[in-house]
$ cat input-v8.tsv   # TSV, N, CA and C atoms
chain	number	residue	atom	x	y	z
A	251	MET	N	20.18	9.29	-28.11
A	251	MET	CA	18.97	9.71	-27.46
A	251	MET	C	19.34	10.62	-26.30
A	252	ARG	N	18.70	11.74	-26.25
A	252	ARG	CA	18.97	12.70	-25.18
A	252	ARG	C	17.83	12.67	-24.16
A	253	ILE	N	18.18	12.56	-22.90
A	253	ILE	CA	17.20	12.51	-21.83
A	253	ILE	C	17.35	13.78	-21.00
A	254	ALA	N	16.26	14.48	-20.85
A	254	ALA	CA	16.29	15.68	-20.02
A	254	ALA	C	16.44	15.27	-18.56
A	255	ALA	N	17.33	15.93	-17.88
A	255	ALA	CA	17.55	15.63	-16.46
A	255	ALA	C	17.18	16.84	-15.63
A	256	ARG	N	16.69	16.58	-14.48
A	256	ARG	CA	16.35	17.66	-13.55
A	256	ARG	C	17.19	17.47	-12.30
A	257	VAL	N	17.91	18.49	-11.94
A	257	VAL	CA	18.75	18.43	-10.75
A	257	VAL	C	17.88	18.83	-9.56
A	258	LEU	N	17.86	17.99	-8.58
A	258	LEU	CA	17.07	18.27	-7.39
A	258	LEU	C	17.85	19.15	-6.44
A	259	THR	N	17.18	20.06	-5.81
A	259	THR	CA	17.79	20.84	-4.75
A	259	THR	C	17.60	20.04	-3.47
A	260	ALA	N	18.34	19.02	-3.35
A	260	ALA	CA	18.31	18.05	-2.26
A	260	ALA	C	17.34	18.41	-1.14
A	261	THR	N	16.12	18.04	-1.34
A	261	THR	CA	15.09	18.24	-0.33
A	261	THR	C	14.71	16.87	0.20
A	262	ALA	N	14.83	16.69	1.46
A	262	ALA	CA	14.43	15.43	2.07
A	262	ALA	C	12.95	15.51	2.37
A	263	ILE	N	12.21	14.56	1.85
A	263	ILE	CA	10.80	14.44	2.19
A	263	ILE	C	10.68	13.15	2.97
A	264	LEU	N	10.16	13.24	4.17
A	264	LEU	CA	10.08	12.08	5.03
A	264	LEU	C	8.64	11.65	5.19
A	265	PHE	N	8.48	10.40	5.55
A	265	PHE	CA	7.14	9.97	5.90
A	265	PHE	C	7.16	9.01	7.06
A	266	LEU	N	6.05	8.96	7.73
A	266	LEU	CA	5.80	8.02	8.83
A	266	LEU	C	4.44	7.41	8.58
A	267	PRO	N	4.26	6.15	8.95
A	267	PRO	CA	2.88	5.64	8.95
A	267	PRO	C	2.10	6.44	9.99
A	268	ALA	N	0.85	6.76	9.69
A	268	ALA	CA	0.04	7.50	10.65
A	268	ALA	C	-0.15	6.65	11.91
A	269	ALA	N	-0.22	7.32	13.03
A	269	ALA	CA	-0.43	6.62	14.30
A	269	ALA	C	-1.80	5.94	14.29
A	270	ALA	N	-2.01	5.05	15.22
A	270	ALA	CA	-3.28	4.32	15.31
A	270	ALA	C	-4.46	5.28	15.39
A	271	THR	N	-4.25	6.45	15.95
A	271	THR	CA	-5.32	7.43	16.07
A	271	THR	C	-5.54	8.18	14.76
A	272	GLY	N	-4.64	7.98	13.79
A	272	GLY	CA	-4.72	8.68	12.53
A	272	GLY	C	-4.12	10.07	12.59
A	273	ALA	N	-3.58	10.44	13.75
A	273	ALA	CA	-3.00	11.76	13.92
A	273	ALA	C	-1.51	11.75	13.59
A	274	CYS	N	-1.05	12.84	13.03
A	274	CYS	CA	0.38	12.99	12.73
A	274	CYS	C	1.02	13.81	13.84
A	275	PRO	N	2.34	13.63	14.03
A	275	PRO	CA	3.04	14.46	15.01
A	275	PRO	C	2.94	15.94	14.62
A	276	THR	N	3.11	16.81	15.57
A	276	THR	CA	3.08	18.25	15.33
A	276	THR	C	4.09	18.62	14.25
A	277	GLY	N	3.64	19.41	13.28
A	277	GLY	CA	4.51	19.86	12.20
A	277	GLY	C	4.50	18.97	10.98
A	278	TRP	N	3.93	17.78	11.09
A	278	TRP	CA	3.86	16.85	9.97
A	278	TRP	C	2.53	17.03	9.25
A	279	THR	N	2.49	16.75	7.95
A	279	THR	CA	1.29	16.88	7.13
A	279	THR	C	0.70	15.51	6.86
A	280	PRO	N	-0.57	15.31	7.17
A	280	PRO	CA	-1.18	14.01	6.88
A	280	PRO	C	-1.50	13.87	5.40
A	281	SER	N	-1.47	12.65	4.91
A	281	SER	CA	-1.89	12.41	3.54
A	281	SER	C	-3.40	12.63	3.46
A	282	PRO	N	-3.92	12.91	2.27
A	282	PRO	CA	-5.36	13.09	2.14
A	282	PRO	C	-6.11	11.85	2.64
A	283	ALA	N	-7.28	12.05	3.20
A	283	ALA	CA	-8.07	10.95	3.76
A	283	ALA	C	-8.37	9.87	2.73
A	284	ASN	N	-8.51	10.25	1.49
A	284	ASN	CA	-8.86	9.29	0.44
A	284	ASN	C	-7.64	8.79	-0.35
A	285	ALA	N	-6.44	8.99	0.18
A	285	ALA	CA	-5.22	8.61	-0.52
A	285	ALA	C	-5.17	7.10	-0.74
A	286	ALA	N	-4.87	6.71	-1.96
A	286	ALA	CA	-4.81	5.29	-2.32
A	286	ALA	C	-3.67	4.56	-1.62
A	287	TRP	N	-2.63	5.28	-1.21
A	287	TRP	CA	-1.46	4.63	-0.60
A	287	TRP	C	-1.60	4.45	0.91
A	288	GLY	N	-2.69	4.87	1.47
A	288	GLY	CA	-2.90	4.68	2.90
A	288	GLY	C	-2.48	5.88	3.71
A	289	PRO	N	-2.82	5.90	4.98
A	289	PRO	CA	-2.50	7.06	5.80
A	289	PRO	C	-1.00	7.15	6.11
A	290	ARG	N	-0.45	8.31	5.82
A	290	ARG	CA	0.96	8.59	6.12
A	290	ARG	C	1.08	10.02	6.59
A	291	CYS	N	2.17	10.31	7.22
A	291	CYS	CA	2.49	11.66	7.66
A	291	CYS	C	3.76	12.08	6.93
A	292	PHE	N	3.76	13.30	6.38
A	292	PHE	CA	4.89	13.79	5.61
A	292	PHE	C	5.50	15.01	6.28
A	293	LEU	N	6.81	15.17	6.12
A	293	LEU	CA	7.53	16.33	6.64
A	293	LEU	C	8.63	16.70	5.68
A	294	VAL	N	8.74	17.98	5.39
A	294	VAL	CA	9.90	18.50	4.67
A	294	VAL	C	10.67	19.30	5.70
A	295	PRO	N	11.82	18.78	6.15
A	295	PRO	CA	12.57	19.49	7.19
A	295	PRO	C	13.14	20.80	6.66
A	296	PRO	N	13.38	21.76	7.54
A	296	PRO	CA	13.90	23.05	7.09
A	296	PRO	C	15.34	22.99	6.58
A	297	GLU	N	16.08	21.98	7.00
A	297	GLU	CA	17.46	21.85	6.56
A	297	GLU	C	17.51	21.36	5.11
A	298	ARG	N	18.54	21.76	4.39
A	298	ARG	CA	18.75	21.31	3.02
A	298	ARG	C	20.17	20.76	2.92
A	299	SER	N	20.37	19.89	1.95
A	299	SER	CA	21.69	19.30	1.75
A	299	SER	C	21.86	18.95	0.28
A	300	THR	N	23.08	18.92	-0.18
A	300	THR	CA	23.36	18.49	-1.55
A	300	THR	C	23.79	17.03	-1.58
A	301	SER	N	23.79	16.40	-0.43
A	301	SER	CA	24.22	15.01	-0.32
A	301	SER	C	23.03	14.09	-0.03
A	302	PHE	N	22.91	13.03	-0.81
A	302	PHE	CA	21.86	12.05	-0.58
A	302	PHE	C	22.00	11.46	0.82
A	303	PHE	N	23.23	11.15	1.22
A	303	PHE	CA	23.46	10.54	2.53
A	303	PHE	C	23.08	11.49	3.66
A	304	ARG	N	23.33	12.78	3.49
A	304	ARG	CA	22.92	13.76	4.50
A	304	ARG	C	21.40	13.84	4.57
A	305	CYS	N	20.73	13.73	3.42
A	305	CYS	CA	19.26	13.72	3.41
A	305	CYS	C	18.73	12.54	4.22
A	306	VAL	N	19.35	11.39	4.07
A	306	VAL	CA	18.95	10.21	4.84
A	306	VAL	C	19.17	10.48	6.32
A	307	ASP	N	20.30	11.09	6.66
A	307	ASP	CA	20.57	11.44	8.06
A	307	ASP	C	19.52	12.40	8.60
A	308	LEU	N	19.13	13.39	7.79
A	308	LEU	CA	18.10	14.34	8.21
A	308	LEU	C	16.79	13.62	8.52
A	309	CYS	N	16.46	12.65	7.70
A	309	CYS	CA	15.24	11.88	7.94
A	309	CYS	C	15.31	11.20	9.30
A	310	GLU	N	16.42	10.56	9.58
A	310	GLU	CA	16.58	9.88	10.86
A	310	GLU	C	16.53	10.87	12.03
A	311	GLU	N	17.16	12.03	11.86
A	311	GLU	CA	17.17	13.04	12.92
A	311	GLU	C	15.75	13.53	13.25
A	312	HIS	N	14.87	13.53	12.27
A	312	HIS	CA	13.50	13.98	12.47
A	312	HIS	C	12.54	12.82	12.75
A	313	GLY	N	13.09	11.62	12.89
A	313	GLY	CA	12.26	10.46	13.25
A	313	GLY	C	11.47	9.86	12.11
A	314	GLY	N	11.88	10.12	10.89
A	314	GLY	CA	11.15	9.60	9.73
A	314	GLY	C	11.99	8.71	8.86
A	315	THR	N	11.43	8.38	7.73
A	315	THR	CA	12.07	7.54	6.73
A	315	THR	C	12.01	8.28	5.40
A	316	PRO	N	13.05	8.21	4.58
A	316	PRO	CA	12.96	8.88	3.28
A	316	PRO	C	11.73	8.36	2.52
A	317	ALA	N	10.99	9.27	1.95
A	317	ALA	CA	9.78	8.88	1.22
A	317	ALA	C	10.16	8.29	-0.14
A	318	CYS	N	9.57	7.17	-0.46
A	318	CYS	CA	9.67	6.58	-1.80
A	318	CYS	C	8.32	6.81	-2.45
A	319	ILE	N	8.31	7.67	-3.43
A	319	ILE	CA	7.06	8.06	-4.08
A	319	ILE	C	6.62	6.92	-4.99
A	320	GLY	N	5.40	6.43	-4.77
A	320	GLY	CA	4.93	5.26	-5.49
A	320	GLY	C	3.78	5.49	-6.45
A	321	SER	N	3.32	6.73	-6.57
A	321	SER	CA	2.21	6.99	-7.49
A	321	SER	C	2.22	8.46	-7.90
A	322	ALA	N	1.50	8.75	-8.97
A	322	ALA	CA	1.39	10.14	-9.43
A	322	ALA	C	0.70	10.98	-8.36
A	323	GLU	N	-0.27	10.41	-7.68
A	323	GLU	CA	-1.01	11.11	-6.63
A	323	GLU	C	-0.08	11.49	-5.48
A	324	GLU	N	0.75	10.55	-5.07
A	324	GLU	CA	1.69	10.81	-3.98
A	324	GLU	C	2.76	11.80	-4.43
A	325	ASN	N	3.17	11.72	-5.68
A	325	ASN	CA	4.15	12.65	-6.23
A	325	ASN	C	3.60	14.08	-6.21
A	326	THR	N	2.34	14.24	-6.52
A	326	THR	CA	1.72	15.56	-6.50
A	326	THR	C	1.77	16.15	-5.10
A	327	LEU	N	1.42	15.35	-4.09
A	327	LEU	CA	1.47	15.82	-2.72
A	327	LEU	C	2.90	16.19	-2.32
A	328	ALA	N	3.86	15.34	-2.63
A	328	ALA	CA	5.26	15.60	-2.28
A	328	ALA	C	5.77	16.86	-2.96
A	329	THR	N	5.38	17.06	-4.20
A	329	THR	CA	5.80	18.26	-4.93
A	329	THR	C	5.23	19.51	-4.29
A	330	GLU	N	3.97	19.45	-3.87
A	330	GLU	CA	3.34	20.59	-3.20
A	330	GLU	C	4.04	20.89	-1.88
A	331	LEU	N	4.38	19.85	-1.13
A	331	LEU	CA	5.04	20.04	0.16
A	331	LEU	C	6.45	20.62	0.00
A	332	ALA	N	7.16	20.17	-1.02
A	332	ALA	CA	8.54	20.61	-1.23
A	332	ALA	C	8.60	22.00	-1.83
A	333	GLY	N	7.51	22.43	-2.47
A	333	GLY	CA	7.49	23.72	-3.17
A	333	GLY	C	7.56	24.83	-2.26

$ encode --input "input-v8.tsv" --output "structure tokens"
Amino acid sequence: MRIAARVLTATAILFLPAAATGACPTGWTPSPANAAWGPRCFLVPPERSTSFFRCVDLCEEHGGTPACIGSAEENTLATELAG
């Protein structure tokens, strides 16, 4: 069985839970108001890396957490942001 693989151009997508005010930090993109996964803030940092570990470091440097995509809806948003 052959499985098609897609090589990622190591893009770190980070997220933060939205602040109590619902506002995201400057430069971060809020999730849609009706998002099933709840309010989050997303950032694609300008830096790129070919290392997973460096991507994790980039997330920490920008104050976020690596995003774990949990739905098709969230994947669509992440794909748009990374594009």

$ atom_distance --input "input-v8.tsv" --atom1 "CA of Pro296 (chain A)" --atom2 "CA of Asn284 (chain A)"
27.4 Å

$ atom_distance --input "input-v8.tsv" --atom1 "CA of Phe292 (chain A)" --atom2 "atom N of Pro280 (chain A)"
5.9 Å

$ atom_distance --input "input-v8.tsv" --atom1 "atom N of Glu311 (chain A)" --atom2 "atom N of Cys274 (chain A)"
18.3 Å

$ closest_residue --input "input-v8.tsv" --among "A:Pro289, A:Pro275, A:Pro316, A:Pro282" --to "Phe303 (chain A)" --atoms "only C-alpha atoms"
A:Pro316

$ closest_residue --input "input-v8.tsv" --among "A:Ala322, A:Leu327, A:Val294, A:Cys305" --to "Trp278 (chain A)" --atoms "only C-alpha atoms"
A:Val294

$ closest_residue --input "input-v8.tsv" --among "A:Cys309, A:Trp287, A:Arg304, A:Pro295" --to "Ser321 (chain A)" --atoms "only C-alpha atoms"
A:Trp287

$ select_by_dssp --input "input-v8.tsv" --residues "region 270-332 of chain A" --states "helix (DSSP H, G or I)" --output "tab-separated table (two decimals) with N, CA and C atoms, in the frame of the given file"
chain	number	residue	atom	x	y	z
A	302	PHE	N	22.91	13.03	-0.81
A	302	PHE	CA	21.86	12.05	-0.58
A	302	PHE	C	22.00	11.46	0.82
A	303	PHE	N	23.23	11.15	1.22
A	303	PHE	CA	23.46	10.54	2.53
A	303	PHE	C	23.08	11.49	3.66
A	304	ARG	N	23.33	12.78	3.49
A	304	ARG	CA	22.92	13.76	4.50
A	304	ARG	C	21.40	13.84	4.57
A	305	CYS	N	20.73	13.73	3.42
A	305	CYS	CA	19.26	13.72	3.41
A	305	CYS	C	18.73	12.54	4.22
A	306	VAL	N	19.35	11.39	4.07
A	306	VAL	CA	18.95	10.21	4.84
A	306	VAL	C	19.17	10.48	6.32
A	307	ASP	N	20.30	11.09	6.66
A	307	ASP	CA	20.57	11.44	8.06
A	307	ASP	C	19.52	12.40	8.60
A	308	LEU	N	19.13	13.39	7.79
A	308	LEU	CA	18.10	14.34	8.21
A	308	LEU	C	16.79	13.62	8.52
A	309	CYS	N	16.46	12.65	7.70
A	309	CYS	CA	15.24	11.88	7.94
A	309	CYS	C	15.31	11.20	9.30
A	310	GLU	N	16.42	10.56	9.58
A	310	GLU	CA	16.58	9.88	10.86
A	310	GLU	C	16.53	10.87	12.03
A	311	GLU	N	17.16	12.03	11.86
A	311	GLU	CA	17.17	13.04	12.92
A	311	GLU	C	15.75	13.53	13.25
A	322	ALA	N	1.50	8.75	-8.97
A	322	ALA	CA	1.39	10.14	-9.43
A	322	ALA	C	0.70	10.98	-8.36
A	323	GLU	N	-0.27	10.41	-7.68
A	323	GLU	CA	-1.01	11.11	-6.63
A	323	GLU	C	-0.08	11.49	-5.48
A	324	GLU	N	0.75	10.55	-5.07
A	324	GLU	CA	1.69	10.81	-3.98
A	324	GLU	C	2.76	11.80	-4.43
A	325	ASN	N	3.17	11.72	-5.68
A	325	ASN	CA	4.15	12.65	-6.23
A	325	ASN	C	3.60	14.08	-6.21
A	326	THR	N	2.34	14.24	-6.52
A	326	THR	CA	1.72	15.56	-6.50
A	326	THR	C	1.77	16.15	-5.10
A	327	LEU	N	1.42	15.35	-4.09
A	327	LEU	CA	1.47	15.82	-2.72
A	327	LEU	C	2.90	16.19	-2.32
A	328	ALA	N	3.86	15.34	-2.63
A	328	ALA	CA	5.26	15.60	-2.28
A	328	ALA	C	5.77	16.86	-2.96
A	329	THR	N	5.38	17.06	-4.20
A	329	THR	CA	5.80	18.26	-4.93
A	329	THR	C	5.23	19.51	-4.29
A	330	GLU	N	3.97	19.45	-3.87
A	330	GLU	CA	3.34	20.59	-3.20
A	330	GLU	C	4.04	20.89	-1.88
A	331	LEU	N	4.38	19.85	-1.13
A	331	LEU	CA	5.04	20.04	0.16
A	331	LEU	C	6.45	20.62	0.00
A	332	ALA	N	7.16	20.17	-1.02
A	332	ALA	CA	8.54	20.61	-1.23
A	332	ALA	C	8.60	22.00	-1.83
